[in-house]
$ cat work_38.cif   # mmCIF, C-alpha atoms and all ligand atoms
data_model
#
loop_
_atom_site.label_atom_id
_atom_site.label_comp_id
_atom_site.auth_asym_id
_atom_site.auth_seq_id
_atom_site.Cartn_x
_atom_site.Cartn_y
_atom_site.Cartn_z
CA MET A 1 -50.64 37.15 73.40
CA VAL A 2 -53.13 37.53 70.51
CA ASP A 3 -50.99 40.34 69.04
CA ARG A 4 -47.88 38.20 69.10
CA GLN A 5 -49.70 35.34 67.28
CA LYS A 6 -51.03 37.80 64.72
CA ALA A 7 -47.58 39.18 64.09
CA LEU A 8 -46.11 35.65 63.58
CA LEU A 9 -48.87 34.79 61.12
CA MET A 10 -48.10 37.97 59.18
CA VAL A 11 -44.47 37.01 58.93
CA LEU A 12 -45.30 33.50 57.71
CA LEU A 13 -47.72 34.91 55.15
CA ALA A 14 -45.17 37.43 54.00
CA LEU A 15 -42.62 34.62 53.61
CA LEU A 16 -45.03 32.69 51.45
CA ILE A 17 -46.00 35.63 49.29
CA TYR A 18 -42.61 37.28 48.91
CA PRO A 19 -39.93 34.68 48.89
CA ASN A 20 -36.24 35.47 48.70
CA ASP A 21 -35.94 38.96 47.39
CA ILE A 22 -37.11 40.81 50.45
CA PHE A 23 -36.07 38.31 53.05
CA GLY A 24 -32.78 37.57 51.37
CA GLY A 25 -31.04 37.07 54.64
CA ALA A 26 -33.65 34.68 55.95
CA PHE A 27 -33.00 31.95 53.29
CA GLN A 28 -29.46 31.30 52.12
CA PRO A 29 -29.17 29.98 48.54
CA GLU A 30 -28.41 26.32 48.18
CA PHE A 31 -28.07 23.63 45.54
CA SER A 32 -31.11 21.49 45.05
CA GLY A 33 -29.21 18.63 43.36
CA PRO A 34 -25.78 17.57 42.16
CA ILE A 35 -24.41 18.33 38.70
CA THR A 36 -24.68 15.38 36.38
CA ASN A 37 -21.32 14.23 35.04
CA LEU A 38 -21.14 14.22 31.25
CA THR A 39 -19.47 11.84 28.81
CA VAL A 40 -19.53 13.37 25.36
CA PRO A 41 -17.96 12.20 22.08
CA LEU A 42 -15.53 14.65 20.56
CA GLY A 43 -17.29 17.28 18.47
CA ARG A 44 -20.71 16.90 20.08
CA ASP A 45 -22.43 19.41 22.38
CA ALA A 46 -22.39 19.35 26.19
CA THR A 47 -24.70 21.03 28.72
CA PHE A 48 -24.14 21.20 32.47
CA THR A 49 -27.11 22.13 34.65
CA CYS A 50 -26.74 23.64 38.11
CA LEU A 51 -29.92 23.48 40.24
CA VAL A 52 -30.27 26.29 42.78
CA LYS A 53 -32.96 27.45 45.20
CA HIS A 54 -33.35 30.66 47.18
CA LEU A 55 -30.85 32.45 44.95
CA GLY A 56 -32.19 35.83 46.01
CA GLY A 57 -29.90 38.60 44.91
CA TYR A 58 -26.94 36.25 44.60
CA ARG A 59 -25.37 35.22 41.36
CA VAL A 60 -24.42 31.93 39.77
CA GLY A 61 -21.04 31.58 38.10
CA TRP A 62 -19.30 28.83 36.12
CA VAL A 63 -15.57 28.16 36.50
CA LYS A 64 -13.40 25.53 34.84
CA ALA A 65 -11.77 23.96 37.87
CA ASP A 66 -8.36 22.99 36.45
CA THR A 67 -7.53 26.34 34.77
CA LYS A 68 -9.65 28.49 37.15
CA ALA A 69 -10.94 30.17 34.00
CA ILE A 70 -14.25 31.87 34.63
CA GLN A 71 -16.71 30.71 32.00
CA ALA A 72 -19.72 32.85 32.88
CA ILE A 73 -21.29 34.93 35.62
CA HIS A 74 -25.07 35.03 35.76
CA ASP A 75 -26.15 35.55 32.16
CA HIS A 76 -22.83 36.89 30.88
CA VAL A 77 -20.27 34.74 29.16
CA ILE A 78 -16.80 35.71 30.38
CA THR A 79 -14.55 33.26 28.53
CA HIS A 80 -13.39 34.06 25.02
CA ASN A 81 -14.32 30.57 23.99
CA GLN A 82 -16.90 31.18 21.28
CA ARG A 83 -18.41 27.76 21.81
CA VAL A 84 -19.54 28.54 25.39
CA THR A 85 -23.00 29.97 26.12
CA VAL A 86 -25.25 30.13 29.20
CA SER A 87 -28.97 30.02 29.80
CA HIS A 88 -31.25 29.84 32.80
CA SER A 89 -34.88 29.45 33.68
CA ASP A 90 -36.67 30.65 36.79
CA HIS A 91 -33.45 31.45 38.61
CA THR A 92 -33.39 27.79 39.63
CA MET A 93 -31.89 26.08 36.54
CA TRP A 94 -28.55 27.43 35.38
CA ASN A 95 -27.05 25.90 32.26
CA LEU A 96 -23.58 26.02 30.77
CA HIS A 97 -23.51 24.95 27.10
CA ILE A 98 -20.35 23.92 25.27
CA LYS A 99 -20.82 23.48 21.55
CA GLY A 100 -18.75 20.96 19.61
CA VAL A 101 -16.54 19.83 22.49
CA GLN A 102 -12.79 19.64 21.95
CA ARG A 103 -10.24 17.56 23.84
CA GLU A 104 -9.18 20.58 25.96
CA ASP A 105 -12.78 21.10 27.11
CA GLY A 106 -12.64 17.96 29.19
CA GLY A 107 -12.29 18.28 32.98
CA LEU A 108 -14.08 19.49 36.09
CA TYR A 109 -16.54 22.37 35.87
CA MET A 110 -17.63 24.25 38.98
CA CYS A 111 -20.95 25.98 39.56
CA GLN A 112 -20.52 28.72 42.20
CA ILE A 113 -22.86 30.98 44.17
CA ASN A 114 -21.25 34.16 45.44
CA THR A 115 -22.33 33.74 49.05
CA ASP A 116 -19.83 34.28 51.84
CA PRO A 117 -18.31 31.78 52.12
CA MET A 118 -18.79 30.84 48.49
CA LYS A 119 -20.87 27.73 47.71
CA SER A 120 -19.88 25.43 44.86
CA GLN A 121 -20.35 22.03 43.31
CA THR A 122 -18.62 20.34 40.41
CA GLY A 123 -19.40 18.18 37.39
CA MET A 124 -17.00 16.24 35.24
CA LEU A 125 -16.87 16.51 31.46
CA THR A 126 -15.29 13.45 29.91
CA ILE A 127 -14.52 13.60 26.20
CA VAL A 128 -14.54 10.25 24.46
CA GLU A 129 -13.37 9.42 20.97
CA PRO A 130 -14.41 6.53 18.78
CA PRO A 131 -11.49 4.31 17.75
CA ASP A 132 -9.33 5.09 14.77
CA ILE A 133 -6.71 2.86 13.18
CA ILE A 134 -3.32 4.55 12.82
CA PRO A 135 -2.11 3.81 9.29
CA GLU A 136 1.57 4.33 10.11
CA GLY A 137 1.61 1.61 12.73
CA THR A 138 -0.57 -0.87 10.86
CA SER A 139 0.42 -3.56 8.38
CA SER A 140 -0.52 -3.49 4.72
CA ASP A 141 -1.15 -6.48 2.46
CA MET A 142 1.55 -9.11 2.69
CA ASN A 143 3.17 -11.77 0.57
CA VAL A 144 4.71 -14.83 2.16
CA GLY A 145 5.96 -18.14 0.88
CA GLU A 146 4.15 -21.21 2.13
CA GLY A 147 5.75 -22.41 5.34
CA GLY A 148 7.02 -18.96 6.18
CA GLN A 149 5.79 -16.56 8.80
CA VAL A 150 4.10 -13.19 8.93
CA LYS A 151 3.62 -10.67 11.70
CA LEU A 152 0.67 -8.38 11.34
CA THR A 153 0.47 -5.28 13.49
CA CYS A 154 -2.40 -2.94 14.10
CA ARG A 155 -2.28 0.30 16.09
CA ALA A 156 -5.37 2.21 17.09
CA ARG A 157 -6.15 5.36 19.02
CA GLY A 158 -9.28 6.57 20.77
CA VAL A 159 -10.53 7.51 24.23
CA PRO A 160 -10.71 5.27 26.14
CA ALA A 161 -7.85 3.29 24.57
CA PRO A 162 -9.31 0.81 22.07
CA ARG A 163 -8.97 -2.92 22.22
CA VAL A 164 -7.53 -4.50 19.08
CA SER A 165 -8.47 -7.94 17.79
CA TRP A 166 -8.12 -10.00 14.62
CA ARG A 167 -10.59 -12.03 12.61
CA ARG A 168 -10.60 -13.62 9.20
CA GLU A 169 -13.03 -12.08 6.79
CA ASP A 170 -14.33 -15.46 5.64
CA GLY A 171 -14.94 -16.48 9.28
CA ARG A 172 -12.38 -19.29 9.23
CA ASN A 173 -10.15 -19.91 12.20
CA ILE A 174 -6.83 -18.30 12.92
CA ILE A 175 -4.13 -20.79 13.87
CA ILE A 176 -1.61 -19.64 16.45
CA ARG A 177 1.42 -21.95 16.49
CA GLU A 178 3.60 -21.44 19.48
CA GLN A 179 6.88 -23.01 20.31
CA SER A 180 7.13 -23.73 24.01
CA ALA A 181 9.97 -25.38 25.82
CA VAL A 182 8.92 -28.49 27.65
CA SER A 183 9.71 -27.91 31.30
CA GLY A 184 12.67 -29.81 32.67
CA GLN A 185 13.78 -30.93 29.25
CA ASN A 186 15.71 -29.28 26.55
CA GLN A 187 12.97 -30.02 24.11
CA LYS A 188 10.63 -27.86 22.20
CA SER A 189 7.06 -28.65 21.49
CA HIS A 190 4.66 -26.98 19.16
CA VAL A 191 1.37 -25.94 20.55
CA SER A 192 -1.21 -24.68 18.16
CA THR A 193 -4.37 -22.97 19.15
CA THR A 194 -7.29 -22.33 16.90
CA VAL A 195 -9.33 -19.21 17.49
CA THR A 196 -12.02 -17.32 15.65
CA GLU A 197 -10.84 -14.05 17.18
CA TYR A 198 -7.36 -13.19 18.36
CA PHE A 199 -6.89 -10.34 20.84
CA GLY A 200 -3.77 -8.23 20.65
CA GLU A 201 -2.11 -5.66 18.45
CA ASP A 202 0.35 -8.13 16.95
CA LEU A 203 -0.68 -11.29 15.19
CA LYS A 204 2.09 -13.69 14.31
CA ILE A 205 1.35 -16.59 12.01
CA THR A 206 4.15 -19.11 11.65
CA LYS A 207 4.45 -22.05 9.26
CA ILE A 208 1.70 -20.52 7.22
CA SER A 209 -0.23 -22.78 4.88
CA ARG A 210 -2.19 -21.99 1.76
CA ASN A 211 -5.39 -22.43 3.73
CA GLU A 212 -4.46 -19.45 5.82
CA MET A 213 -4.35 -17.22 2.79
CA GLY A 214 -7.00 -14.52 2.72
CA VAL A 215 -8.20 -11.30 4.26
CA TYR A 216 -7.53 -10.65 7.92
CA LEU A 217 -9.45 -7.92 9.70
CA CYS A 218 -7.92 -5.79 12.40
CA ILE A 219 -10.81 -4.56 14.54
CA ALA A 220 -10.49 -1.69 17.03
CA SER A 221 -13.26 -0.94 19.51
CA ASN A 222 -13.57 1.01 22.75
CA GLY A 223 -17.28 1.05 23.37
CA ILE A 224 -17.73 4.35 21.53
CA PRO A 225 -19.36 3.63 18.18
CA PRO A 226 -18.44 3.10 15.50
CA ALA A 227 -15.83 0.37 15.85
CA VAL A 228 -13.42 0.38 12.93
CA SER A 229 -11.58 -2.31 11.02
CA LYS A 230 -8.89 -2.62 8.41
CA ARG A 231 -8.56 -5.38 5.83
CA ILE A 232 -5.14 -6.90 5.38
CA PHE A 233 -4.64 -9.52 2.71
CA ILE A 234 -2.10 -12.26 3.30
CA ASN A 235 -1.05 -13.78 0.02
CA VAL A 236 0.62 -17.17 0.49
CA HIS A 237 2.81 -18.13 -2.44
CA PHE A 238 3.58 -21.62 -3.70
CA SER A 239 4.36 -23.25 -7.00
CA PRO A 240 1.52 -25.00 -8.84
CA VAL A 241 0.40 -28.52 -8.09
CA ILE A 242 -2.01 -30.56 -10.15
CA HIS A 243 -4.34 -33.23 -8.92
CA VAL A 244 -5.96 -35.50 -11.52
CA PRO A 245 -8.91 -37.54 -10.29
CA ASN A 246 -9.03 -39.76 -13.37
CA GLN A 247 -5.80 -40.40 -15.19
CA LEU A 248 -7.25 -42.98 -17.49
CA VAL A 249 -10.41 -42.18 -19.35
CA GLY A 250 -12.14 -44.37 -21.85
CA ALA A 251 -15.14 -43.47 -23.97
CA PRO A 252 -16.92 -44.84 -27.02
CA LEU A 253 -16.28 -43.12 -30.31
CA GLY A 254 -18.85 -40.52 -31.20
CA THR A 255 -19.47 -39.42 -27.63
CA ASP A 256 -18.36 -36.35 -25.74
CA VAL A 257 -15.55 -36.88 -23.25
CA VAL A 258 -14.66 -34.72 -20.28
CA LEU A 259 -11.13 -34.58 -18.92
CA GLU A 260 -10.40 -32.66 -15.75
CA CYS A 261 -7.47 -31.49 -13.67
CA PHE A 262 -7.43 -29.61 -10.39
CA VAL A 263 -4.76 -26.96 -10.05
CA GLU A 264 -3.59 -25.20 -6.91
CA ALA A 265 -1.30 -22.25 -7.36
CA SER A 266 -0.48 -18.87 -5.91
CA PRO A 267 0.04 -16.51 -7.54
CA LYS A 268 -2.57 -17.74 -9.99
CA SER A 269 -1.06 -19.95 -12.65
CA ILE A 270 -1.49 -19.95 -16.39
CA ASN A 271 -3.28 -23.21 -17.12
CA TYR A 272 -3.55 -24.95 -20.46
CA TRP A 273 -4.07 -28.28 -22.17
CA VAL A 274 -1.59 -29.87 -24.54
CA ASN A 275 -2.25 -32.77 -26.91
CA ASP A 276 -0.08 -35.69 -28.04
CA LYS A 277 1.74 -33.55 -30.56
CA GLY A 278 2.57 -30.94 -27.97
CA ALA A 279 0.10 -28.44 -29.38
CA MET A 280 -1.92 -26.29 -27.03
CA ILE A 281 -5.63 -27.01 -27.16
CA ILE A 282 -7.95 -24.06 -27.48
CA SER A 283 -11.73 -23.94 -27.60
CA SER A 284 -13.07 -24.83 -31.00
CA VAL A 285 -15.89 -26.78 -32.58
CA ARG A 286 -14.32 -30.00 -31.32
CA HIS A 287 -12.91 -28.82 -28.03
CA ASP A 288 -14.24 -26.84 -25.11
CA VAL A 289 -11.67 -25.54 -22.64
CA GLN A 290 -12.91 -24.20 -19.32
CA ALA A 291 -11.44 -23.15 -16.02
CA VAL A 292 -13.62 -22.83 -12.96
CA ALA A 293 -12.20 -21.12 -9.86
CA LYS A 294 -12.93 -23.21 -6.76
CA SER A 295 -11.24 -20.87 -4.31
CA GLN A 296 -8.60 -18.18 -4.18
CA PHE A 297 -5.97 -20.66 -5.30
CA GLU A 298 -7.84 -23.65 -6.72
CA VAL A 299 -8.99 -24.00 -10.31
CA ARG A 300 -10.78 -26.86 -11.96
CA MET A 301 -9.60 -27.29 -15.56
CA ILE A 302 -12.12 -28.95 -17.83
CA LEU A 303 -11.46 -30.13 -21.36
CA THR A 304 -14.42 -31.45 -23.28
CA ILE A 305 -13.72 -33.34 -26.48
CA ARG A 306 -16.85 -33.48 -28.58
CA ASN A 307 -17.78 -36.42 -30.74
CA LEU A 308 -14.74 -38.56 -29.95
CA GLN A 309 -12.85 -39.72 -33.00
CA LYS A 310 -10.16 -42.33 -33.39
CA HIS A 311 -7.49 -39.66 -33.88
CA ASP A 312 -8.45 -38.00 -30.59
CA VAL A 313 -7.25 -41.01 -28.66
CA GLY A 314 -3.94 -40.46 -26.90
CA THR A 315 -2.35 -38.62 -24.04
CA TYR A 316 -3.53 -35.21 -22.96
CA ARG A 317 -1.59 -33.06 -20.57
CA CYS A 318 -2.85 -30.30 -18.34
CA ALA A 319 -0.18 -27.80 -17.39
CA ALA A 320 0.06 -25.00 -14.87
CA LYS A 321 2.75 -22.38 -14.59
CA ASN A 322 3.31 -19.47 -12.26
CA SER A 323 6.31 -17.36 -11.25
CA LEU A 324 7.42 -20.02 -8.76
CA GLY A 325 7.35 -23.03 -11.04
CA ASP A 326 5.42 -25.19 -13.40
CA VAL A 327 3.93 -28.64 -13.39
CA GLU A 328 1.98 -30.84 -15.71
CA SER A 329 0.02 -34.03 -15.48
CA SER A 330 -1.26 -36.38 -18.11
CA ILE A 331 -4.51 -38.13 -18.81
CA ARG A 332 -4.77 -41.09 -21.15
CA LEU A 333 -7.80 -41.15 -23.33
CA TYR A 334 -8.77 -44.32 -25.13
CA ASP A 335 -11.81 -45.45 -27.02
CA ILE A 336 -13.98 -48.31 -26.00
CA ALA A 337 -16.55 -50.23 -27.90
CA ALA A 338 -19.98 -48.78 -27.40
CA PRO A 339 -21.83 -50.84 -24.83
CA ALA A 340 -24.39 -53.12 -26.39
CA LYS A 341 -27.35 -54.61 -24.62
CA THR A 342 -25.90 -58.11 -24.69
CA GLN A 343 -22.50 -57.10 -23.55
CA THR A 344 -21.42 -57.69 -20.01
CA ALA A 345 -20.19 -54.52 -18.49
CA VAL A 346 -19.31 -53.24 -15.11
CA GLN A 347 -21.06 -50.59 -13.18
CA LEU A 348 -19.54 -49.28 -10.08
CA SER A 349 -19.78 -45.59 -9.98
CA PHE A 350 -23.10 -44.26 -8.81
CA ASP A 351 -21.77 -40.88 -8.01
CA ASP A 352 -23.26 -39.35 -11.11
CA GLU A 353 -26.68 -37.78 -10.80
CA GLU A 354 -27.57 -38.85 -14.27
CA ASP A 355 -30.05 -41.58 -14.61
CA GLU A 356 -27.77 -44.17 -16.02
CA SER A 357 -28.54 -47.41 -17.69
CA VAL A 358 -26.44 -49.99 -16.04
CA TYR A 359 -25.06 -53.24 -17.30
CA GLY A 360 -23.34 -55.47 -14.90
CA SER A 361 -22.22 -58.98 -14.23
CA ALA A 362 -22.48 -60.49 -10.81
CA GLU A 363 -18.88 -61.27 -10.18
CA MET A 364 -17.65 -57.96 -11.50
CA ASP A 365 -20.09 -56.21 -9.24
CA LYS A 366 -18.76 -58.13 -6.33
CA MET A 367 -15.25 -57.21 -7.18
CA GLU A 368 -16.15 -53.60 -7.53
CA ASN A 369 -18.18 -53.36 -4.41
CA ARG A 370 -15.17 -52.08 -2.59
CA PRO A 371 -15.30 -48.38 -2.15
CA LEU A 372 -13.41 -46.50 -4.76
CA ALA A 373 -10.56 -44.57 -3.38
CA VAL A 374 -11.56 -41.29 -4.89
CA ASP A 375 -9.26 -38.85 -3.36
CA ASN A 376 -11.18 -35.74 -2.67
CA THR A 377 -8.73 -34.08 -0.35
CA VAL A 378 -8.01 -30.72 -1.67
CA HIS A 379 -4.41 -30.25 -0.73
CA GLY A 380 -1.08 -31.77 -1.08
CA HIS A 381 -1.54 -33.67 -4.27
CA VAL A 382 1.36 -33.38 -6.54
CA GLY A 383 0.15 -33.90 -10.03
CA SER A 384 3.34 -35.43 -11.27
CA ALA A 385 2.73 -38.58 -9.30
CA SER A 386 0.65 -39.78 -12.13
CA VAL A 387 0.88 -43.56 -11.96
CA ALA A 388 -2.73 -44.44 -12.03
CA THR A 389 -4.10 -47.72 -10.89
CA PRO A 390 -7.00 -48.48 -13.17
CA SER A 391 -10.01 -49.63 -11.33
CA SER A 392 -12.16 -50.43 -14.31
CA ALA A 393 -14.72 -47.97 -13.26
CA ILE A 394 -17.16 -48.29 -16.02
CA ARG A 395 -20.11 -46.09 -16.41
CA SER A 396 -22.39 -46.54 -19.27
CA GLY A 397 -24.46 -43.44 -19.33
CA LYS A 398 -27.17 -42.46 -21.73
CA LYS A 399 -25.25 -39.54 -23.01
CA ARG A 400 -21.61 -40.07 -22.35
CA PRO A 401 -20.52 -43.53 -21.37
CA VAL A 402 -17.16 -43.13 -19.78
CA ILE A 403 -14.73 -45.45 -18.13
CA ASN A 404 -13.20 -43.77 -15.19
CA ALA A 405 -10.02 -45.29 -13.96
CA LYS A 406 -9.62 -43.87 -10.52
CA SER A 407 -6.42 -43.85 -8.59
CA GLY A 408 -6.22 -45.56 -5.26
CA THR A 409 -6.29 -49.04 -3.84
CA ASP A 410 -7.86 -51.27 -6.29
CA PRO A 411 -8.07 -54.92 -7.20
CA CYS A 412 -6.82 -54.42 -10.72
CA PRO A 413 -3.09 -54.56 -10.96
CA ARG A 414 -0.99 -51.53 -11.55
CA ARG A 415 0.72 -52.80 -14.62
CA PHE A 416 -2.44 -52.51 -16.67
CA SER A 417 -2.35 -48.80 -16.45
CA VAL A 418 -0.44 -48.66 -19.67
CA VAL A 419 -3.06 -49.26 -22.28
CA LEU A 420 -6.55 -50.51 -21.87
CA SER A 421 -7.70 -50.57 -25.38
CA SER A 422 -11.14 -51.95 -24.81
CA LEU A 423 -13.67 -52.80 -22.23
CA VAL A 424 -13.35 -56.45 -23.04
CA SER A 425 -9.66 -56.62 -22.40
CA LEU A 426 -10.08 -54.82 -19.13
CA MET A 427 -12.64 -57.31 -17.95
CA VAL A 428 -10.57 -60.25 -19.02
CA VAL A 429 -7.61 -58.93 -17.15
CA CYS A 430 -9.51 -58.33 -13.99
CA ARG A 431 -11.16 -61.69 -14.03
CA ARG A 432 -7.98 -63.53 -14.44
CA TRP A 433 -6.49 -61.57 -11.63
C1 LIG A 501 -18.80 12.85 38.94
O1 LIG A 501 -17.49 12.31 38.78
C2 LIG A 501 -16.66 12.44 39.88
C3 LIG A 501 -15.31 11.90 39.55
O2 LIG A 501 -15.05 11.94 38.20
C4 LIG A 501 -17.26 11.73 41.08
O3 LIG A 501 -16.44 11.95 42.23
C5 LIG A 501 -18.63 12.27 41.35
O4 LIG A 501 -19.25 11.54 42.37
C6 LIG A 501 -19.49 12.20 40.10
N1 LIG A 501 -20.75 12.85 40.34
C7 LIG A 501 -21.91 12.31 40.09
C8 LIG A 501 -23.12 13.12 40.35
O5 LIG A 501 -22.01 11.17 39.62
#
$ encode --input "work_38.cif" --output "structure tokens" --more "lines below"
Ligand SMILES: *[C@@H]1O[C@H](CO)[C@@H](O)[C@H](O)[C@H]1NC(C)=O
Amino acid sequence: MVDRQKALLMVLLALLIYPNDIFGGAFQPEFSGPITNLTVPLGRDATFTCLVKHLGGYRVGWVKADTKAIQAIHDHVITHNQRVTVSHSDHTMWNLHIKGVQREDGGLYMCQINTDPMKSQTGMLTIVEPPDIIPEGTSSDMNVGEGGQVKLTCRARGVPAPRVSWRREDGRNIIIREQSAVSGQNQKSHVSTTVTEYFGEDLKITKISRNEMGVYLCIASNGIPPAVSKRIFINVHFSPVIHVPNQLVGAPLGTDVVLECFVEASPKSINYWVNDKGAMIISSVRHDVQAVAKSQFEVRMILTIRNLQKHDVGTYRCAAKNSLGDVESSIRLYDIAAPAKTQTAVQLSFDDEEDESVYGSAEMDKMENRPLAVDNTVHGHVGSASVATPSSAIRSGKKRPVINAKSGTDPCPRRFSVVLSSLVSLMVVCRRW
């Protein structure tokens, strides 16, 4: 009895001291954990680890499951693939390294132990690719006439397949106008949807307006950074239009007068000022000609006439011309008597930041208390509609007293738009009216 217990103890001790090698048959090798699946971007390195215990005299091999190609046995690389190496530590951690993974490296890998029957487990190598926009299938910059339509396309590749969407670079909305048949009737209705981002490879913009001109971004993403985008410029063409806020401008002699016209055109127009005699006005000691771009297609034309003289009085025309057409609009400049302290004048326009000295009479103020119809809308103003309704907007500023006759609904009758030679006559006319 004692001998048998002693013998058992010896065996247990021996098992503890000398593990597998001697008692190889006593413990069969086994896996101590699954292989972790790998998702690796194309070109990066991948390492599978096979965890084994009680390997004993057995060997660990790596096989690519789909092709049955042996990658390595124990510490020898078998495959001719130069990018494959193996390493191990402690006979328990067996690694298969693949350097700079290629598309064909993807698939199931098997870690085997040459027991009988063979033991194996597998791990999946998934190769992912960041998105890429395919130039051949993707639109370039486009030109379209206003009111026309454009179809932008964008093709992208990547693994997994990328999602394509559209945005405007300036963050403005994309308008999708769809024609849908009203059910039950033979009618068509137009439904327009406004979105900041449109999903899909094809973006169709119908009845395009000048406000939809600009850069559109095609964005492709599939969760694998970096996402990519392509800029596509839609150029909307239209012939020039001119909008004149003040078509009648009066100023005292000796002061500086500013005339302005707003031009919309695409492609950009050539803009210039012409005087009574049909001569083009260029910057000089007396004149300052400026053009300030307000947007891609809007320009503010500014003509400053310094030290107004009697011979400066007359009609000035601002003109704009591009490949699609030309247009001009006129501004009438007249001189007014310099406001004197005793004179009764009208003040109605407080929209100037300048600290203005104001002269006003009660009844004129009353008349002018109506809001001025200053048309600030940016679009759709055809400059040729130049019949101005003078509103006797009189500003007597410290520096540049100017009478601004603004178009719009106004108590002063239309017929006086012809010539308002002086402040006095204007007031008389309005009073009588
Ligand atoms: C690895 O991926 C395969 C399928 O691709 C799946 O069956 C298996 O459970 C995954 N293994 C692990 C450890 O997540």
$ residues_near_ligand --input "work_38.cif" --ligand "ligand LIG 501 (chain A)" --cutoff "8 Å" --atoms "all atoms listed in the file" --output "list in words"
Pro34, Ile35, Thr36, Asn37, Leu108, Thr122, Gly123 and Met124 of chain A
$ atom_distance --input "work_38.cif" --atom1 "atom CA of A:Gln28" --atom2 "atom CA of A:Ile73"
18.8 Å
$ residues_around --input "work_38.cif" --residues "A:Arg231" --least-positions-apart "6" --cutoff "8 Å" --atoms "only C-alpha atoms" --output "number ranges by chain"
A: 215-218
$ write_last_selection --input "work_38.cif" --atoms "C-alpha atoms" --output "compact mmCIF listing (two decimals), in the coordinates of the input"
# COMPACT_ATOMS: atom_id res chain seq x y z
CA VAL A 215 -8.20 -11.30 4.26
CA TYR A 216 -7.53 -10.65 7.92
CA LEU A 217 -9.45 -7.92 9.70
CA CYS A 218 -7.92 -5.79 12.40
$ residues_around --input "work_38.cif" --residues "A:Ile127" --least-positions-apart "5" --cutoff "8 Å" --atoms "all atoms listed in the file" --output "compact mmCIF listing (two decimals) with C-alpha atoms, in the frame of the given file"
# COMPACT_ATOMS: atom_id res chain seq x y z
CA THR A 39 -19.47 11.84 28.81
CA VAL A 40 -19.53 13.37 25.36
CA PRO A 41 -17.96 12.20 22.08
CA LEU A 42 -15.53 14.65 20.56
CA VAL A 101 -16.54 19.83 22.49
CA GLN A 102 -12.79 19.64 21.95
CA ARG A 103 -10.24 17.56 23.84
CA ASP A 105 -12.78 21.10 27.11
CA GLY A 106 -12.64 17.96 29.19
CA VAL A 159 -10.53 7.51 24.23
$ residues_around --input "work_38.cif" --residues "stretch 219-225 of chain A" --least-positions-apart "5" --cutoff "8 Å" --atoms "only C-alpha atoms" --output "list in words"
Pro41, Val128, Glu129, Pro130, Pro131, Asp132, Ile133, Ala156, Gly158, Val159, Pro160, Ala161, Pro162, Arg163, Val164, Ser165, Trp166, Arg167 and Lys230 of chain A
$ closest_residue --input "work_38.cif" --among "A:Ser295, A:Thr126, A:Asn307, A:Gln112" --to "A:Gly254" --atoms "all atoms listed in the file"
A:Asn307
$ closest_residue --input "work_38.cif" --among "A:Lys277, A:Lys321, A:Lys119, A:Lys207" --to "A:Val263" --atoms "all atoms listed in the file"
A:Lys321
$ atom_distance --input "work_38.cif" --atom1 "atom CA of A:Gly145" --atom2 "atom CA of A:Lys268"
13.8 Å
$ build_atoms --input "work_38.cif" --residues "stretch 130-140 of chain A" --atoms "N, CA and C atoms" --output "PDB file, in the frame of the given file"
ATOM      1  N   PRO A 130     -14.302   7.854  19.374  1.00  0.00           N
ATOM      2  CA  PRO A 130     -14.410   6.530  18.780  1.00  0.00           C
ATOM      3  C   PRO A 130     -13.038   6.082  18.264  1.00  0.00           C
ATOM      4  N   PRO A 131     -12.817   4.784  18.147  1.00  0.00           N
ATOM      5  CA  PRO A 131     -11.490   4.310  17.750  1.00  0.00           C
ATOM      6  C   PRO A 131     -11.136   4.694  16.316  1.00  0.00           C
ATOM      7  N   ASP A 132      -9.848   4.757  16.098  1.00  0.00           N
ATOM      8  CA  ASP A 132      -9.330   5.090  14.770  1.00  0.00           C
ATOM      9  C   ASP A 132      -8.062   4.269  14.586  1.00  0.00           C
ATOM     10  N   ILE A 133      -7.908   3.654  13.436  1.00  0.00           N
ATOM     11  CA  ILE A 133      -6.710   2.860  13.180  1.00  0.00           C
ATOM     12  C   ILE A 133      -5.622   3.766  12.623  1.00  0.00           C
ATOM     13  N   ILE A 134      -4.434   3.695  13.238  1.00  0.00           N
ATOM     14  CA  ILE A 134      -3.320   4.550  12.820  1.00  0.00           C
ATOM     15  C   ILE A 134      -2.607   3.875  11.654  1.00  0.00           C
ATOM     16  N   PRO A 135      -2.675   4.477  10.478  1.00  0.00           N
ATOM     17  CA  PRO A 135      -2.110   3.810   9.290  1.00  0.00           C
ATOM     18  C   PRO A 135      -0.607   3.552   9.434  1.00  0.00           C
ATOM     19  N   GLU A 136       0.108   4.477  10.042  1.00  0.00           N
ATOM     20  CA  GLU A 136       1.570   4.330  10.110  1.00  0.00           C
ATOM     21  C   GLU A 136       1.995   3.089  10.898  1.00  0.00           C
ATOM     22  N   GLY A 137       1.207   2.729  11.887  1.00  0.00           N
ATOM     23  CA  GLY A 137       1.610   1.610  12.730  1.00  0.00           C
ATOM     24  C   GLY A 137       0.931   0.308  12.356  1.00  0.00           C
ATOM     25  N   THR A 138       0.253   0.296  11.206  1.00  0.00           N
ATOM     26  CA  THR A 138      -0.570  -0.870  10.860  1.00  0.00           C
ATOM     27  C   THR A 138      -0.087  -1.495   9.551  1.00  0.00           C
ATOM     28  N   SER A 139      -0.066  -2.811   9.547  1.00  0.00           N
ATOM     29  CA  SER A 139       0.420  -3.560   8.380  1.00  0.00           C
ATOM     30  C   SER A 139      -0.438  -3.328   7.144  1.00  0.00           C
ATOM     31  N   SER A 140       0.198  -3.484   5.994  1.00  0.00           N
ATOM     32  CA  SER A 140      -0.520  -3.490   4.720  1.00  0.00           C
ATOM     33  C   SER A 140      -0.558  -4.942   4.227  1.00  0.00           C
TER      34      SER A 140
END
